[in-house]
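Below is one structure; the comments refer to it alone.
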Amino acid sequence: MTGKRERLKAALAGEVADRPPVALWRHFPVDDQSSEMLAEAVVAFQREYDFDFIKVTPASSYCVRDWGVTDEWQGSTEGTRSYVRRRVTRPQDWRNLELLDPRAGARGEHLRCLRSIVQAAGDSAPVLATVFSPLAQAKNLAGHDVLFEHIRTDPETVLAGLDRIMASTIQLVEAMRETAIEGIFYAIQHASSDFFDMDGYRRFGLAFDRPVLQAADLWLDVIHLHGDRLLFDVARELAAPVVNWHDREGGPGLREGRGRSGKAVCGGLAREETLVLGDPARVRSEAEQAMGQTDGGRGLILGTGCVVPIHAPRANLLAARRAVELPGS
């Protein structure tokens, strides 16, 4: 019987073992405010569905809370929290960001969560930690409008802040590696023509993304490109073996994504239209289409373009897990 790591390694090599791997992940609001509760929720979700990897999805504030932001749960169906207090309001605030200790505060709590999940998983499945890009963290520190106003009016000061965020993130990634995770899920939120042209993203994004991914350098690192109108060629410029994006919502499709990135692709299922509003038959149909786009599932990890909404029916999640199984297995 093929194990999960062998199945994933075949996908990374552009092949298929016994079947394509499959993985879904979600937020756990309220639970995500306690390292113990989040670990328990993630482990219970994995026991229920037995996915091929375990992607840990904390509140996005876990990595910026120690800089002084505040967020709260306001009922988003994605399970995300809303920011109610920011650290950065003036350009000079970027230069005042402290270098954070990855083993203290909220970051240290999250390291404990990762250790608990890795220990519970044992050899059964690899664990991936979520790491937000420095630019995504900057957006959470300042808010979208303030960040881009500062980029326009005082870019060098923002770059100084991004450099400090990057240094803190590299230290966090190095500490994460010590927990025995096997990959990071690297979340990029601004590689889109809605925000930058390619030269602009190289300056404010790629210059800081590359060192973080170099610090990770794990066999199952995943790049997540969030949003529409993606600068998709960013994926080819970053060192990670898998790319995940909103292929069903914004494109490109899986076949084009494989060709343009040169990487294994993770996707194929629409989050809202299928996993929330669809039924198991629609889930199976989209899974079959995903395997058709990738020549029978070669180089494919079946999944969604981002987090599964927290109100997705259990029947649809089970259908996604079972969609890749061979008859009689």
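Labels used: A, B, ... for chains in the order of the structure tokens, numbers from 1 for residues in each chain, and numbers from 1 for ligands as shown.
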
Nearby residues (only C-alpha atoms) at most 12 Å from range 314-318 of chain A, same-chain spacing under 3 positions excluded, as a ChimeraX atom specification: /A:22-26,45-51,269-287,302-304,308-311,321-325

Quick one: contact table of range 162-199 of chain A to range 215-226 of chain A, 10 Å max, nearest atom pair and distance in Å to one decimal per residue, counting only C-alpha atoms, chain and number order, as JSON lines?
```
{"residue": "A:Thr169", "atom": "CA", "partner": "A:Ala215", "partner_atom": "CA", "distance": 9.4}
{"residue": "A:Ile170", "atom": "CA", "partner": "A:Ala215", "partner_atom": "CA", "distance": 6.2}
{"residue": "A:Gln171", "atom": "CA", "partner": "A:Ala215", "partner_atom": "CA", "distance": 8.5}
{"residue": "A:Leu172", "atom": "CA", "partner": "A:Ala215", "partner_atom": "CA", "distance": 9.6}
{"residue": "A:Val173", "atom": "CA", "partner": "A:Ala216", "partner_atom": "CA", "distance": 6.0}
{"residue": "A:Glu174", "atom": "CA", "partner": "A:Ala215", "partner_atom": "CA", "distance": 6.6}
{"residue": "A:Ala175", "atom": "CA", "partner": "A:Ala216", "partner_atom": "CA", "distance": 9.9}
{"residue": "A:Met176", "atom": "CA", "partner": "A:Ala216", "partner_atom": "CA", "distance": 8.6}
{"residue": "A:Arg177", "atom": "CA", "partner": "A:Ala216", "partner_atom": "CA", "distance": 7.2}
{"residue": "A:Ile181", "atom": "CA", "partner": "A:Leu218", "partner_atom": "CA", "distance": 8.5}
{"residue": "A:Glu182", "atom": "CA", "partner": "A:Leu218", "partner_atom": "CA", "distance": 5.9}
{"residue": "A:Gly183", "atom": "CA", "partner": "A:Asp221", "partner_atom": "CA", "distance": 4.3}
{"residue": "A:Ile184", "atom": "CA", "partner": "A:Asp221", "partner_atom": "CA", "distance": 4.8}
{"residue": "A:Phe185", "atom": "CA", "partner": "A:Val222", "partner_atom": "CA", "distance": 4.8}
{"residue": "A:Tyr186", "atom": "CA", "partner": "A:Ile223", "partner_atom": "CA", "distance": 4.9}
{"residue": "A:Ala187", "atom": "CA", "partner": "A:His224", "partner_atom": "CA", "distance": 4.8}
{"residue": "A:Ile188", "atom": "CA", "partner": "A:Leu225", "partner_atom": "CA", "distance": 5.2}
{"residue": "A:Gln189", "atom": "CA", "partner": "A:His226", "partner_atom": "CA", "distance": 4.8}
{"residue": "A:His190", "atom": "CA", "partner": "A:His226", "partner_atom": "CA", "distance": 7.3}
{"residue": "A:Ala191", "atom": "CA", "partner": "A:Leu225", "partner_atom": "CA", "distance": 6.8}
{"residue": "A:Ser192", "atom": "CA", "partner": "A:His226", "partner_atom": "CA", "distance": 8.3}
```

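Ranking A:Leu254, A:Val43, A:Leu230, A:Cys113 by their shortest atom-to-atom distance to Met291 in chain A, with only C-alpha atoms included, puts A:Leu254 first.
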
Report, in Å with one decimal, the straight-line distance from CA of His110 in chain A to CA of Ala138 in chain A. 19.4 Å

Could you pull out the residues in range 92-246 of chain A that DSSP calls helix (DSSP H, G or I) from the backbone, as a PyMOL selection string? chain A and resi 92-96+105-121+134-142+144-153+155-177+198-216+234-237

Neighbours of range 236-239 of chain A within 8 Å (only C-alpha atoms; same-chain residues fewer than 4 positions away dropped), as a ChimeraX atom specification? /A:209-210,213-214,217,260-263

Please report, as JSON, numbers by chain, each residue of range 49-219 of chain A to which DSSP assigns strand (DSSP E or B) when run on this structure's backbone. {"A": [54, 55, 56, 70, 71, 72, 82, 83, 84, 85, 127, 128, 129, 130, 131, 132, 183, 184, 185, 186, 187, 188, 192]}

Now that the selection is made, can you save its residues with N, CA and C atoms as an mmCIF file, in the first residue's frame?
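The resulting again_27.cif:
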```cif
data_model
loop_
_atom_site.group_PDB
_atom_site.id
_atom_site.type_symbol
_atom_site.label_atom_id
_atom_site.label_comp_id
_atom_site.auth_asym_id
_atom_site.auth_seq_id
_atom_site.Cartn_x
_atom_site.Cartn_y
_atom_site.Cartn_z
ATOM 1 N N ILE A 54 -1.203 17.473 6.140
ATOM 2 C CA ILE A 54 -1.925 18.243 7.146
ATOM 3 C C ILE A 54 -1.432 19.674 7.063
ATOM 4 N N LYS A 55 -2.298 20.574 6.595
ATOM 5 C CA LYS A 55 -1.936 21.985 6.510
ATOM 6 C C LYS A 55 -2.533 22.697 7.719
ATOM 7 N N VAL A 56 -1.698 23.277 8.554
ATOM 8 C CA VAL A 56 -2.144 23.962 9.766
ATOM 9 C C VAL A 56 -2.514 25.394 9.405
ATOM 10 N N THR A 70 -4.567 43.973 16.991
ATOM 11 C CA THR A 70 -5.671 43.281 17.646
ATOM 12 C C THR A 70 -6.683 42.867 16.582
ATOM 13 N N ASP A 71 -7.189 41.647 16.713
ATOM 14 C CA ASP A 71 -8.220 41.180 15.791
ATOM 15 C C ASP A 71 -9.293 40.453 16.572
ATOM 16 N N GLU A 72 -10.451 40.230 15.914
ATOM 17 C CA GLU A 72 -11.536 39.548 16.595
ATOM 18 C C GLU A 72 -12.366 38.745 15.591
ATOM 19 N N SER A 82 -11.194 39.616 11.882
ATOM 20 C CA SER A 82 -11.109 40.992 11.395
ATOM 21 C C SER A 82 -10.152 41.784 12.285
ATOM 22 N N TYR A 83 -9.289 42.599 11.644
ATOM 23 C CA TYR A 83 -8.342 43.423 12.394
ATOM 24 C C TYR A 83 -9.043 44.680 12.887
ATOM 25 N N VAL A 84 -8.894 44.967 14.170
ATOM 26 C CA VAL A 84 -9.555 46.135 14.764
ATOM 27 C C VAL A 84 -8.555 47.165 15.288
ATOM 28 N N ARG A 85 -7.280 46.799 15.401
ATOM 29 C CA ARG A 85 -6.255 47.772 15.779
ATOM 30 C C ARG A 85 -4.975 47.432 15.038
ATOM 31 N N VAL A 127 3.256 17.376 7.908
ATOM 32 C CA VAL A 127 2.596 18.573 8.412
ATOM 33 C C VAL A 127 3.213 19.802 7.753
ATOM 34 N N LEU A 128 2.353 20.730 7.307
ATOM 35 C CA LEU A 128 2.788 21.996 6.711
ATOM 36 C C LEU A 128 2.355 23.147 7.608
ATOM 37 N N ALA A 129 3.269 24.063 7.865
ATOM 38 C CA ALA A 129 2.977 25.272 8.639
ATOM 39 C C ALA A 129 2.688 26.436 7.699
ATOM 40 N N THR A 130 1.720 27.257 8.049
ATOM 41 C CA THR A 130 1.393 28.434 7.258
ATOM 42 C C THR A 130 2.336 29.588 7.604
ATOM 43 N N VAL A 131 2.942 30.171 6.567
ATOM 44 C CA VAL A 131 3.819 31.336 6.721
ATOM 45 C C VAL A 131 3.325 32.405 5.759
ATOM 46 N N PHE A 132 3.050 33.584 6.285
ATOM 47 C CA PHE A 132 2.597 34.686 5.442
ATOM 48 C C PHE A 132 3.796 35.476 4.937
ATOM 49 N N GLY A 183 7.080 20.972 5.488
ATOM 50 C CA GLY A 183 6.890 21.992 4.470
ATOM 51 C C GLY A 183 6.271 23.229 5.081
ATOM 52 N N ILE A 184 6.379 24.340 4.350
ATOM 53 C CA ILE A 184 5.609 25.525 4.713
ATOM 54 C C ILE A 184 4.630 25.811 3.583
ATOM 55 N N PHE A 185 3.502 26.351 3.955
ATOM 56 C CA PHE A 185 2.500 26.832 3.013
ATOM 57 C C PHE A 185 2.686 28.341 2.981
ATOM 58 N N TYR A 186 3.352 28.814 1.921
ATOM 59 C CA TYR A 186 3.804 30.200 1.868
ATOM 60 C C TYR A 186 2.747 31.043 1.174
ATOM 61 N N ALA A 187 2.052 31.884 1.948
ATOM 62 C CA ALA A 187 0.883 32.610 1.468
ATOM 63 C C ALA A 187 1.267 33.985 0.949
ATOM 64 N N ILE A 188 1.096 34.169 -0.363
ATOM 65 C CA ILE A 188 1.366 35.437 -1.043
ATOM 66 C C ILE A 188 0.027 36.050 -1.435
ATOM 67 N N SER A 192 -0.505 40.194 -7.896
ATOM 68 C CA SER A 192 -1.668 40.400 -8.750
ATOM 69 C C SER A 192 -1.561 41.760 -9.407
#
```

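Shortest separation to Ser61 in chain A among A:Asn140, A:Arg19, A:Ala125, A:Thr2 occurs at residue A:Asn140, atoms counted being only C-alpha atoms.
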
Quote the spacing between CA of Gly267 in chain A and CA of Ala136 in chain A in Å to one decimal place. 21.6 Å

Rounded to one decimal, what separation in Å do you get between CA of Asp18 in chain A and CA of Phe53 in chain A? 15.9 Å

Would you kindly return, as a list in words, each protein, DNA or RNA residue with an atom no farther than 9 Å from any atom of Arg65 in chain A, considering only C-alpha atoms and excluding same-chain residues fewer than 3 positions away? Ser61, Tyr62, Gly68, Val69, Thr70, Asp71, Gly105, Ala106, Arg107 and Leu141 of chain A

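Using only C-alpha atoms for every distance, the candidate list A:Ala59, A:Val158, A:Ala142, A:Val212 yields A:Ala59 as the residue closest to Val30 in chain A.
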